[in-house]
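K.L.:
If it helps, the file is called run-v5.cif and holds mmCIF, C-alpha atoms:
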data_query
#
loop_
_atom_site.label_atom_id
_atom_site.label_comp_id
_atom_site.auth_asym_id
_atom_site.auth_seq_id
_atom_site.Cartn_x
_atom_site.Cartn_y
_atom_site.Cartn_z
CA MET X 1 5.26 -22.87 8.62
CA ALA X 2 1.86 -24.28 9.62
CA LEU X 3 -0.81 -22.82 7.36
CA TYR X 4 -4.32 -21.82 8.39
CA HIS X 5 -7.46 -21.72 6.27
CA TYR X 6 -8.29 -18.01 6.50
CA VAL X 7 -10.62 -18.12 3.49
CA THR X 8 -13.99 -19.67 4.33
CA GLN X 9 -15.85 -22.11 2.12
CA GLU X 10 -18.42 -19.41 1.40
CA GLN X 11 -15.65 -17.11 0.21
CA LEU X 12 -14.13 -19.84 -1.97
CA SER X 13 -17.53 -20.30 -3.62
CA GLY X 14 -17.68 -16.55 -4.13
CA PHE X 15 -14.25 -16.54 -5.79
CA ASP X 16 -15.56 -19.15 -8.27
CA LYS X 17 -18.16 -16.63 -9.46
CA TYR X 18 -15.85 -13.64 -9.46
CA LYS X 19 -15.31 -11.54 -12.59
CA TYR X 20 -12.88 -8.66 -12.76
CA SER X 21 -14.53 -5.27 -13.23
CA ALA X 22 -12.49 -2.06 -13.18
CA VAL X 23 -12.62 1.45 -14.62
CA ASP X 24 -9.47 3.45 -15.38
CA SER X 25 -10.29 6.99 -16.50
CA ASN X 26 -6.93 8.65 -15.75
CA PRO X 27 -5.63 10.37 -18.94
CA LEU X 28 -2.01 9.71 -17.91
CA SER X 29 -2.75 6.04 -17.57
CA ILE X 30 -4.86 5.76 -20.74
CA TYR X 31 -2.78 7.78 -23.19
CA VAL X 32 0.75 7.34 -21.86
CA MET X 33 1.26 4.42 -19.50
CA HIS X 34 -0.99 1.77 -21.04
CA PRO X 35 0.57 2.15 -24.51
CA PHE X 36 4.00 1.93 -22.84
CA TRP X 37 3.00 -1.15 -20.83
CA ASN X 38 1.53 -2.78 -23.95
CA SER X 39 4.95 -2.43 -25.59
CA VAL X 40 6.79 -3.75 -22.53
CA VAL X 41 4.63 -6.85 -22.10
CA LYS X 42 5.40 -7.94 -25.67
CA ILE X 43 9.07 -8.45 -24.83
CA LEU X 44 8.36 -10.59 -21.77
CA PRO X 45 8.70 -14.37 -22.29
CA THR X 46 5.37 -16.18 -22.18
CA TRP X 47 6.65 -18.58 -19.53
CA LEU X 48 7.07 -15.70 -17.06
CA ALA X 49 4.31 -16.01 -14.47
CA PRO X 50 2.22 -12.86 -13.84
CA ASN X 51 2.39 -13.36 -10.07
CA LEU X 52 6.18 -13.49 -10.27
CA ILE X 53 6.10 -10.14 -12.09
CA THR X 54 3.90 -8.73 -9.33
CA PHE X 55 6.18 -10.02 -6.59
CA THR X 56 9.32 -8.76 -8.33
CA GLY X 57 7.88 -5.25 -8.58
CA PHE X 58 7.00 -5.30 -4.90
CA MET X 59 10.52 -6.45 -3.96
CA PHE X 60 11.97 -3.47 -5.83
CA LEU X 61 10.06 -1.25 -3.40
CA VAL X 62 11.26 -3.27 -0.40
CA LEU X 63 14.82 -3.01 -1.70
CA THR X 64 14.50 0.77 -2.04
CA PHE X 65 13.09 1.01 1.49
CA THR X 66 15.97 -1.13 2.78
CA LEU X 67 18.59 1.02 1.01
CA LEU X 68 17.18 4.22 2.48
CA SER X 69 16.92 2.55 5.89
CA PHE X 70 20.67 1.91 5.76
CA PHE X 71 21.64 5.43 4.68
CA ASP X 72 18.88 7.41 6.41
CA PHE X 73 17.29 5.32 9.15
CA ASP X 74 16.10 8.28 11.26
CA PHE X 75 15.20 10.63 8.34
CA TYR X 76 17.89 13.16 9.28
CA ALA X 77 20.25 12.66 6.30
CA SER X 78 18.64 15.35 4.11
CA GLY X 79 19.08 18.05 6.74
CA GLU X 80 21.67 20.81 6.48
CA GLY X 81 25.08 19.82 7.82
CA ARG X 82 24.25 16.11 7.74
CA THR X 83 25.89 13.32 5.73
CA HIS X 84 23.54 13.05 2.76
CA VAL X 85 22.34 9.91 1.02
CA PRO X 86 24.74 9.11 -1.88
CA SER X 87 23.55 10.13 -5.36
CA TRP X 88 23.72 6.55 -6.63
CA VAL X 89 21.10 5.55 -4.04
CA TRP X 90 18.68 8.15 -5.40
CA ILE X 91 19.33 6.95 -8.96
CA ALA X 92 18.63 3.39 -7.83
CA ALA X 93 15.50 4.57 -6.00
CA GLY X 94 14.20 6.31 -9.12
CA LEU X 95 14.86 3.30 -11.35
CA PHE X 96 13.51 0.80 -8.84
CA ASN X 97 10.36 2.83 -8.23
CA PHE X 98 9.64 3.16 -11.95
CA LEU X 99 10.39 -0.54 -12.51
CA ALA X 100 7.98 -1.45 -9.71
CA TYR X 101 5.33 0.82 -11.21
CA THR X 102 5.89 -0.67 -14.66
CA LEU X 103 5.74 -4.27 -13.43
CA ASP X 104 2.56 -3.44 -11.53
CA GLY X 105 1.12 -2.23 -14.83
CA VAL X 106 2.14 -5.21 -16.97
CA ASP X 107 1.38 -8.14 -14.65
CA GLY X 108 -2.32 -8.15 -15.54
CA LYS X 109 -1.54 -7.73 -19.23
CA GLN X 110 0.83 -10.72 -19.03
CA ALA X 111 -1.92 -12.76 -17.37
CA ARG X 112 -4.38 -11.98 -20.16
CA ARG X 113 -1.71 -12.49 -22.81
CA THR X 114 -0.91 -15.98 -21.51
CA ASN X 115 -4.51 -16.86 -20.63
CA SER X 116 -3.52 -17.38 -17.00
CA SER X 117 -5.78 -14.82 -15.28
CA THR X 118 -7.19 -15.96 -11.93
CA PRO X 119 -8.81 -14.21 -8.95
CA LEU X 120 -5.66 -15.15 -7.04
CA GLY X 121 -3.60 -12.93 -9.34
CA GLU X 122 -5.78 -9.90 -8.63
CA LEU X 123 -5.81 -10.58 -4.90
CA PHE X 124 -2.03 -11.01 -4.87
CA ASP X 125 -1.54 -7.79 -6.84
CA HIS X 126 -3.84 -5.61 -4.75
CA GLY X 127 -2.70 -7.19 -1.49
CA LEU X 128 0.92 -6.27 -2.18
CA ASP X 129 -0.19 -2.81 -3.35
CA SER X 130 -1.77 -2.24 0.06
CA TRP X 131 1.55 -3.08 1.74
CA ALA X 132 3.51 -0.98 -0.74
CA CYS X 133 1.85 2.23 0.52
CA VAL X 134 4.09 2.46 3.57
CA PHE X 135 7.24 1.83 1.52
CA PHE X 136 6.33 4.62 -0.92
CA VAL X 137 5.71 7.15 1.83
CA ALA X 138 8.68 6.27 4.05
CA THR X 139 11.09 6.27 1.12
CA VAL X 140 10.05 9.59 -0.39
CA TYR X 141 10.19 11.12 3.10
CA SER X 142 13.98 10.80 2.98
CA VAL X 143 14.06 13.37 0.16
CA PHE X 144 12.90 16.11 2.54
CA GLY X 145 13.64 14.55 5.91
CA ARG X 146 12.76 16.00 9.29
CA GLY X 147 15.12 18.99 9.37
CA GLU X 148 14.19 22.69 9.28
CA THR X 149 13.22 22.48 5.63
CA GLY X 150 11.63 19.06 6.02
CA VAL X 151 8.47 17.59 7.49
CA GLY X 152 8.02 16.58 11.14
CA VAL X 153 7.68 12.88 11.90
CA VAL X 154 4.21 13.39 13.40
CA THR X 155 3.08 15.28 10.29
CA LEU X 156 4.43 12.45 8.14
CA TYR X 157 2.50 9.98 10.27
CA TYR X 158 -0.76 11.75 9.40
CA LEU X 159 0.28 12.03 5.74
CA LEU X 160 0.86 8.27 5.76
CA TRP X 161 -2.70 7.84 6.95
CA VAL X 162 -3.95 10.10 4.15
CA VAL X 163 -2.28 7.74 1.66
CA LEU X 164 -3.62 4.64 3.41
CA PHE X 165 -7.14 6.07 3.51
CA SER X 166 -6.90 6.97 -0.18
CA PHE X 167 -5.99 3.36 -0.96
CA ILE X 168 -8.78 1.75 1.02
CA LEU X 169 -11.35 4.10 -0.50
CA SER X 170 -11.02 2.37 -3.88
CA HIS X 171 -11.68 -1.04 -2.34
CA TRP X 172 -14.52 0.35 -0.23
CA GLU X 173 -16.03 1.54 -3.52
CA LYS X 174 -15.72 -1.92 -5.01
CA TYR X 175 -17.15 -3.53 -1.89
CA ASN X 176 -20.28 -1.40 -2.38
CA THR X 177 -20.49 -1.09 -6.18
CA GLY X 178 -18.76 -4.23 -7.50
CA ILE X 179 -16.50 -2.05 -9.67
CA LEU X 180 -12.92 -1.03 -8.92
CA PHE X 181 -12.46 2.61 -9.90
CA LEU X 182 -8.70 3.02 -10.21
CA PRO X 183 -7.56 6.21 -8.41
CA TRP X 184 -5.99 8.99 -10.48
CA GLY X 185 -3.54 9.86 -7.73
CA TYR X 186 -1.64 6.58 -8.03
CA ASP X 187 -0.27 7.05 -11.56
CA ILE X 188 0.51 10.73 -11.03
CA SER X 189 2.31 10.07 -7.74
CA GLN X 190 4.41 7.20 -9.10
CA VAL X 191 5.71 9.16 -12.07
CA THR X 192 6.31 12.21 -9.86
CA ILE X 193 8.18 10.22 -7.20
CA SER X 194 10.45 8.58 -9.78
CA VAL X 195 11.30 11.96 -11.32
CA VAL X 196 11.94 13.54 -7.89
CA TYR X 197 14.41 10.77 -7.00
CA ILE X 198 16.37 11.32 -10.22
CA ILE X 199 16.36 15.11 -9.77
CA THR X 200 17.64 14.64 -6.21
CA ALA X 201 20.48 12.47 -7.52
CA VAL X 202 21.49 15.13 -10.07
CA VAL X 203 21.17 18.38 -8.07
CA GLY X 204 21.32 17.10 -4.49
CA VAL X 205 18.90 17.42 -1.59
CA GLU X 206 20.04 21.02 -1.13
CA THR X 207 17.76 22.08 -3.98
CA TRP X 208 14.74 21.27 -1.80
CA TYR X 209 15.95 23.72 0.86
CA LYS X 210 15.02 26.69 -1.32
CA PRO X 211 11.44 27.96 -1.58
CA ALA X 212 9.56 26.66 -4.60
CA ILE X 213 7.34 29.72 -5.14
CA GLY X 214 7.63 32.84 -3.00
CA ASN X 215 7.82 31.61 0.58
CA VAL X 216 6.25 28.23 -0.21
CA GLN X 217 8.66 25.39 0.52
CA TYR X 218 8.87 22.19 -1.52
CA ARG X 219 7.81 20.30 1.62
CA ASP X 220 4.58 22.31 1.54
CA LEU X 221 3.96 21.30 -2.08
CA PHE X 222 4.68 17.69 -1.06
CA THR X 223 2.08 17.93 1.70
CA VAL X 224 -0.50 19.72 -0.46
CA MET X 225 -0.08 17.14 -3.23
CA ILE X 226 -0.82 14.23 -0.88
CA VAL X 227 -3.73 15.87 0.94
CA GLY X 228 -5.09 17.43 -2.25
CA CYS X 229 -5.17 14.09 -4.08
CA LEU X 230 -7.40 12.73 -1.32
CA PHE X 231 -9.82 15.60 -0.76
CA VAL X 232 -9.94 17.05 -4.28
CA VAL X 233 -9.79 13.90 -6.40
CA THR X 234 -10.04 10.52 -4.65
CA LEU X 235 -12.70 11.16 -1.99
CA PRO X 236 -15.13 13.16 -4.20
CA MET X 237 -14.88 10.58 -6.98
CA SER X 238 -15.42 7.71 -4.55
CA LEU X 239 -18.49 9.31 -3.03
CA PHE X 240 -19.83 10.16 -6.49
CA ASN X 241 -19.40 6.58 -7.72
CA VAL X 242 -21.11 5.11 -4.64
CA PHE X 243 -23.94 7.66 -4.86
CA LYS X 244 -24.34 6.88 -8.57
CA ALA X 245 -24.69 3.18 -7.74
CA TYR X 246 -27.28 4.10 -5.11
CA ARG X 247 -29.26 6.18 -7.62
CA ASN X 248 -29.15 3.29 -10.13
CA ASN X 249 -30.22 0.76 -7.49
CA THR X 250 -27.01 -1.23 -8.05
CA LEU X 251 -25.51 -0.63 -4.60
CA LYS X 252 -24.57 -3.98 -3.08
CA HIS X 253 -25.27 -2.90 0.51
CA SER X 254 -28.40 -0.84 1.15
CA SER X 255 -27.77 -0.42 4.89
CA VAL X 256 -25.45 2.43 5.90
CA TYR X 257 -24.01 0.20 8.62
CA GLU X 258 -23.18 -2.58 6.16
CA ALA X 259 -21.78 -0.12 3.64
CA LEU X 260 -19.42 1.38 6.22
CA LEU X 261 -18.26 -1.92 7.78
CA PRO X 262 -14.92 -1.88 5.88
CA PHE X 263 -13.92 1.32 7.68
CA PHE X 264 -14.32 -0.01 11.23
CA SER X 265 -11.00 -1.85 11.54
CA PRO X 266 -8.90 0.83 9.74
CA VAL X 267 -10.42 3.51 11.98
CA LEU X 268 -9.66 1.44 15.08
CA LEU X 269 -6.08 0.96 13.85
CA PHE X 270 -5.80 4.72 13.36
CA VAL X 271 -7.16 5.40 16.87
CA LEU X 272 -4.81 2.87 18.49
CA SER X 273 -1.69 4.04 16.67
CA THR X 274 -2.55 7.71 17.29
CA LEU X 275 -3.12 7.04 20.98
CA TRP X 276 0.28 5.36 21.10
CA ILE X 277 2.19 8.30 19.63
CA SER X 278 0.14 10.87 21.55
CA LEU X 279 0.50 9.26 24.99
CA SER X 280 3.85 7.55 24.52
CA PRO X 281 5.98 7.89 27.69
CA THR X 282 9.18 8.10 25.61
CA ASP X 283 7.85 9.97 22.55
CA ILE X 284 8.25 6.86 20.42
CA ILE X 285 7.44 8.51 17.08
CA GLU X 286 10.42 10.85 17.48
CA LYS X 287 12.82 8.06 18.43
CA GLN X 288 11.71 5.29 16.05
CA PRO X 289 9.59 6.81 13.26
CA ARG X 290 10.63 4.32 10.55
CA ILE X 291 9.74 1.25 12.60
CA PHE X 292 6.47 2.80 13.76
CA TYR X 293 5.47 3.63 10.17
CA LEU X 294 6.36 0.08 9.11
CA MET X 295 4.23 -1.40 11.88
CA VAL X 296 1.21 0.78 11.03
CA GLY X 297 1.54 0.18 7.28
CA THR X 298 1.82 -3.58 7.69
CA ALA X 299 -1.14 -3.79 10.08
CA PHE X 300 -3.15 -1.67 7.63
CA SER X 301 -2.23 -4.02 4.78
CA ASN X 302 -3.41 -7.01 6.80
CA VAL X 303 -6.75 -5.33 7.48
CA THR X 304 -7.11 -4.26 3.85
CA CYS X 305 -6.30 -7.70 2.44
CA LYS X 306 -9.21 -9.14 4.40
CA LEU X 307 -11.48 -6.48 2.89
CA ILE X 308 -10.22 -7.36 -0.61
CA VAL X 309 -11.01 -11.04 0.01
CA CYS X 310 -14.55 -10.06 1.06
CA GLN X 311 -15.23 -7.75 -1.89
CA MET X 312 -13.85 -10.27 -4.40
CA SER X 313 -15.84 -13.16 -2.91
CA ASN X 314 -18.95 -11.00 -2.43
CA THR X 315 -19.13 -11.82 1.27
CA ARG X 316 -19.76 -9.66 4.33
CA CYS X 317 -16.80 -7.76 5.74
CA LYS X 318 -16.12 -8.47 9.40
CA PRO X 319 -16.19 -5.29 11.51
CA LEU X 320 -13.12 -6.23 13.56
CA SER X 321 -9.77 -7.61 12.45
CA LEU X 322 -8.44 -9.99 15.11
CA LEU X 323 -4.93 -8.52 14.80
CA LEU X 324 -6.21 -5.36 16.49
CA LEU X 325 -7.13 -7.17 19.73
CA PRO X 326 -3.53 -7.86 20.84
CA MET X 327 -2.55 -4.44 19.49
CA THR X 328 -5.09 -2.87 21.84
CA ALA X 329 -3.43 -4.68 24.74
CA VAL X 330 0.02 -3.52 23.59
CA VAL X 331 -1.05 0.12 23.32
CA LEU X 332 -2.75 0.05 26.75
CA LEU X 333 0.36 -1.54 28.24
CA VAL X 334 2.59 1.17 26.75
CA ILE X 335 0.52 4.26 27.55
CA SER X 336 -0.04 3.05 31.12
CA GLY X 337 3.70 3.50 31.66
CA VAL X 338 4.27 -0.11 32.76
CA VAL X 339 6.97 -0.63 30.13
CA GLN X 340 8.25 2.94 29.98
CA HIS X 341 11.91 1.93 29.83
CA GLY X 342 11.27 -0.84 27.34
CA GLU X 343 8.91 0.91 24.93
CA ILE X 344 11.32 0.73 21.99
CA THR X 345 11.80 -2.99 22.61
CA VAL X 346 8.03 -3.47 22.74
CA LEU X 347 7.68 -1.61 19.43
CA TYR X 348 10.28 -3.79 17.74
CA ILE X 349 8.75 -7.01 19.08
CA TRP X 350 5.22 -5.96 18.13
CA THR X 351 6.36 -4.87 14.65
CA ALA X 352 8.03 -8.26 14.13
CA ILE X 353 4.82 -10.01 15.24
CA VAL X 354 2.71 -7.90 12.88
CA ILE X 355 5.02 -8.58 9.92
CA LEU X 356 5.22 -12.33 10.59
CA THR X 357 1.44 -12.51 11.12
CA HIS X 358 0.83 -10.70 7.84
CA ILE X 359 3.27 -12.89 5.92
CA HIS X 360 1.65 -16.00 7.42
CA TYR X 361 -1.77 -14.70 6.39
CA GLY X 362 -0.59 -13.98 2.85
CA VAL X 363 1.16 -17.31 2.37
CA SER X 364 -1.83 -19.20 3.78
CA VAL X 365 -4.35 -17.43 1.55
CA VAL X 366 -2.19 -17.85 -1.56
CA LYS X 367 -1.73 -21.57 -0.80
CA GLN X 368 -5.43 -22.03 -0.12
CA LEU X 369 -6.51 -20.32 -3.34
CA SER X 370 -3.77 -22.05 -5.33
CA ASP X 371 -5.14 -25.40 -4.20
CA HIS X 372 -8.70 -24.30 -4.90
CA PHE X 373 -7.89 -23.17 -8.45
CA ASN X 374 -5.41 -26.02 -9.05
CA ILE X 375 -2.46 -23.65 -9.25
CA TYR X 376 0.29 -25.59 -7.53
CA ASP X 377 3.29 -23.31 -7.97
CA GLU X 378 4.67 -20.60 -10.19
CA GLU X 379 6.57 -23.08 -12.36
CA LYS X 380 3.40 -24.82 -13.43
CA ILE X 381 1.74 -21.49 -14.14
CA GLY X 382 4.73 -20.62 -16.32
CA LEU X 383 4.58 -23.95 -18.16
CA LYS X 384 0.88 -23.49 -18.81
CA ALA X 385 1.53 -20.01 -20.21
CA ALA X 386 4.36 -21.28 -22.42
CA GLU X 387 2.12 -23.97 -23.88
CA VAL X 388 -0.45 -21.34 -24.82
#
For this file, produce the structure as structure tokens.

P.N.:
Amino acid sequence: MALYHYVTQEQLSGFDKYKYSAVDSNPLSIYVMHPFWNSVVKILPTWLAPNLITFTGFMFLVLTFTLLSFFDFDFYASGEGRTHVPSWVWIAAGLFNFLAYTLDGVDGKQARRTNSSTPLGELFDHGLDSWACVFFVATVYSVFGRGETGVGVVTLYYLLWVVLFSFILSHWEKYNTGILFLPWGYDISQVTISVVYIITAVVGVETWYKPAIGNVQYRDLFTVMIVGCLFVVTLPMSLFNVFKAYRNNTLKHSSVYEALLPFFSPVLLFVLSTLWISLSPTDIIEKQPRIFYLMVGTAFSNVTCKLIVCQMSNTRCKPLSLLLLPMTAVVLLVISGVVQHGEITVLYIWTAIVILTHIHYGVSVVKQLSDHFNIYDEEKIGLKAAEV
């Protein structure tokens, strides 16, 4: 695979000056999870590279997504009268999700423990986190599905965007304040999702058919939890933190235009993908929801990773991600009706292009920063840690 230098020389110089700055004020994280992670990291061998821990956690999420894709590709399996997902899959999903969450919590601690912290480690961690959003949402969707007691695929599409917007808010904050304020919703959602998977394995998906309280369905609680986390917790706290930086004259971008630059590409992605599902000649979101979600989530991750590079290197965010130019052409081609009978094929091809483009971007950036910081491969990182 031919690699491309996506990170500019100015950004590399910015990475040299970078210092990690984050605030975690979530009581669940402070009083429960961090003590647990501190215990877990002590049993890890010192030769185990932090980036390998990060990647392993991410692959647990991909494995869970793959399992559910096999047993519930179209999100119908949880409906009444359907062949349900086997209980062992839900047990595996619960364990894998909690393992991924745990590894995401201990990778940084392992880096500090072995004196192997680098900006590359943080970029790798947060970059994979941005991609993980779509796997979280698509996997938990199989619990409720799209039946009478479930959630429609279009509704889930907008809920996915609520999650994606919640994620990028934290990095928009850091782009403007220089501090990463870790969102409360993440820890709460990960513990909740793991518990829901285990409960589903024990009592079956039928338990979610019944109303939770009065006439309120569990699907409604699921929706309220996602939307509520954004509008009640994440968004107000983000705006407060940015306004506080403005009041203290510590805001990194005084211009409103410059401050909002990170939102331009995500908004364009939202507009393009929404146009596609709204004007699709074959109602693509109903026929291929999983693939469409995967395409949107991967494109979002690519856009977000470029923002993370900018905020870590203290450089200006570009208003337009180049990936969105060919996507604009694809969407116009589809909604014009030119490829009406081949829309599903176009979706699959475009999704493959987006995934391969994103992987190429990630590998290239990791290789470029590894060379810059003299980190040649994970084995040498592990040997360095073992020597310490």

K.L.:
Given the file above and the PyMOL selection byres ((chain X and resi 370) around 12), which residues are selected, and can you give them as a list in words?

P.N.:
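Selection result, ordered by chain and number: Val7, Leu12, Phe15, Asn51, Thr118, Pro119, Leu120, Gly121, Leu123, Phe124, Gly362, Val363, Ser364, Val365, Val366, Lys367, Gln368, Leu369, Asp371, His372, Phe373, Asn374, Ile375, Tyr376, Asp377, Glu378, Lys380 and Ile381 of chain X.
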
K.L.:
Could you give me, as a ChimeraX atom specification, the residues that have an atom at most 9 Å away from the point (12.0, 23.2, -0.1) in the coordinates of the file, using all atoms listed in the file?

P.N.:
/X:144,149-150,206-212,216-221

K.L.:
Go through X:Ala77, X:Leu99, X:Ile277, X:Val143 one by one, measure the shortest atom-to-atom distance of each to X:Tyr158 using only C-alpha atoms, and give the residue with the smallest value.

P.N.:
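Residue with the minimum atom-to-atom distance to X:Tyr158: X:Ile277.
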
K.L.:
Have a look at X:Leu324, X:Ala22, X:Ala138, X:Val267 and name the one nearest to X:Leu182; count only C-alpha atoms.

P.N.:
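Among the listed residues, the smallest separation from X:Leu182 belongs to X:Ala22.
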
K.L.:
Do you have the atom CA of X:Leu156-atom CA of X:Thr56 distance handy?

P.N.:
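These two atoms are separated by 27.3 Å.
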
K.L.:
List the spatial neighbours of stretch 186-202 of chain X as an mmCIF file with C-alpha atoms, in the coordinates of the input - criterion: any atom at most 6 Å away, all atoms listed in the file, same-chain residues fewer than 5 positions off excluded.

P.N.:
data_model
loop_
_atom_site.group_PDB
_atom_site.id
_atom_site.type_symbol
_atom_site.label_atom_id
_atom_site.label_comp_id
_atom_site.auth_asym_id
_atom_site.auth_seq_id
_atom_site.Cartn_x
_atom_site.Cartn_y
_atom_site.Cartn_z
ATOM 1 C CA SER X 87 23.550 10.130 -5.360
ATOM 2 C CA TRP X 90 18.680 8.150 -5.400
ATOM 3 C CA ILE X 91 19.330 6.950 -8.960
ATOM 4 C CA GLY X 94 14.200 6.310 -9.120
ATOM 5 C CA ASN X 97 10.360 2.830 -8.230
ATOM 6 C CA PHE X 98 9.640 3.160 -11.950
#

K.L.:
From the list X:Pro27, X:Gly185, X:Pro266, X:Gly337, which residue is nearest X:Asn302 when using all atoms listed in the file?

P.N.:
X:Pro266

K.L.:
Could you jot down the atom CA of X:Ile359 to atom CA of X:Cys310 separation for me, Å, one decimal place?

P.N.:
18.7 Å

K.L.:
Apply the PyMOL selection byres ((chain X and resi 54) around 10) to the file shown and report the selected residues as a list of chain:residue names.

P.N.:
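For this structure, the PyMOL selection byres ((chain X and resi 54) around 10) captures X:Ala49, X:Pro50, X:Asn51, X:Leu52, X:Ile53, X:Phe55, X:Thr56, X:Gly57, X:Phe58, X:Met59, X:Ala100, X:Tyr101, X:Thr102, X:Leu103, X:Asp104, X:Gly105, X:Val106, X:Asp107, X:Gly108, X:Gly121, X:Glu122, X:Phe124, X:Asp125, X:His126, X:Leu128, X:Asp129.
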
K.L.:
Do you know which residues are at most 8 Å from X:Cys133 counting only C-alpha atoms, after dropping those on the same chain fewer than 5 positions away, and could you put them as a PyMOL selection string?

P.N.:
chain X and resi 163-164+297

K.L.:
Of the candidates X:Ala92, X:Val354, X:Cys229, X:Leu347, which one gets nearest to X:Arg290 if we count only C-alpha atoms?

P.N.:
X:Leu347

K.L.:
Hey, which of X:Asn248, X:Ser116, X:Thr315, X:Ser278 ends up closest to X:Lys17? Count only C-alpha atoms.

P.N.:
X:Thr315

K.L.:
For X:Ser69, find every residue with an atom within 12 Å (counting all atoms listed in the file), except residues of its own chain fewer than 6 positions away, and show them as a list in words.

P.N.:
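Result of the neighbour search: Val62, Leu63, Phe75, Tyr76, Ala77, Val85, Val89, Phe135, Ala138, Thr139, Val140, Tyr141, Ser142, Gln288, Pro289, Arg290, Ile291 and Leu294 of chain X.
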
K.L.:
Would you kindly translate the PyMOL selection byres ((chain X and resi 330-332) around 8) into the concrete residues it picks from this file, as a tab-separated table (two decimals) with C-alpha atoms, in the frame of the given file?

P.N.:
chain	number	residue	atom	x	y	z
X	272	LEU	CA	-4.81	2.87	18.49
X	273	SER	CA	-1.69	4.04	16.67
X	275	LEU	CA	-3.12	7.04	20.98
X	276	TRP	CA	0.28	5.36	21.10
X	326	PRO	CA	-3.53	-7.86	20.84
X	327	MET	CA	-2.55	-4.44	19.49
X	328	THR	CA	-5.09	-2.87	21.84
X	329	ALA	CA	-3.43	-4.68	24.74
X	333	LEU	CA	0.36	-1.54	28.24
X	334	VAL	CA	2.59	1.17	26.75
X	335	ILE	CA	0.52	4.26	27.55
X	336	SER	CA	-0.04	3.05	31.12
X	350	TRP	CA	5.22	-5.96	18.13

K.L.:
Here is a test: counting all atoms listed in the file, which residue of X:Leu322, X:Leu169, X:Ser130, X:Arg82 is nearest to X:Gly147?

P.N.:
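Comparing X:Leu322, X:Leu169, X:Ser130, X:Arg82 against X:Gly147, the winner is X:Arg82.
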
K.L.:
Rounded to one decimal place, report the atom CA of X:Val203-atom CA of X:Phe70 distance in Å.

P.N.:
21.5 Å

K.L.:
If we count all atoms listed in the file and set the cut-off at 7 Å, which residues sit around X:Lys174, ignoring sequence neighbours fewer than 5 positions away in its own chain? Please answer as a PyMOL selection string.

P.N.:
chain X and resi 179-180+311

K.L.:
Once 6 Å is added on each side, what centre and edge lengths in Å to one decimal does the axis-aligned box around all listed atoms of stretch 128-135 of chain X have, as AutoDock Vina command-line options?

P.N.:
--center_x 2.7 --center_y -1.9 --center_z 0.1 --size_x 21.0 --size_y 20.7 --size_z 18.9
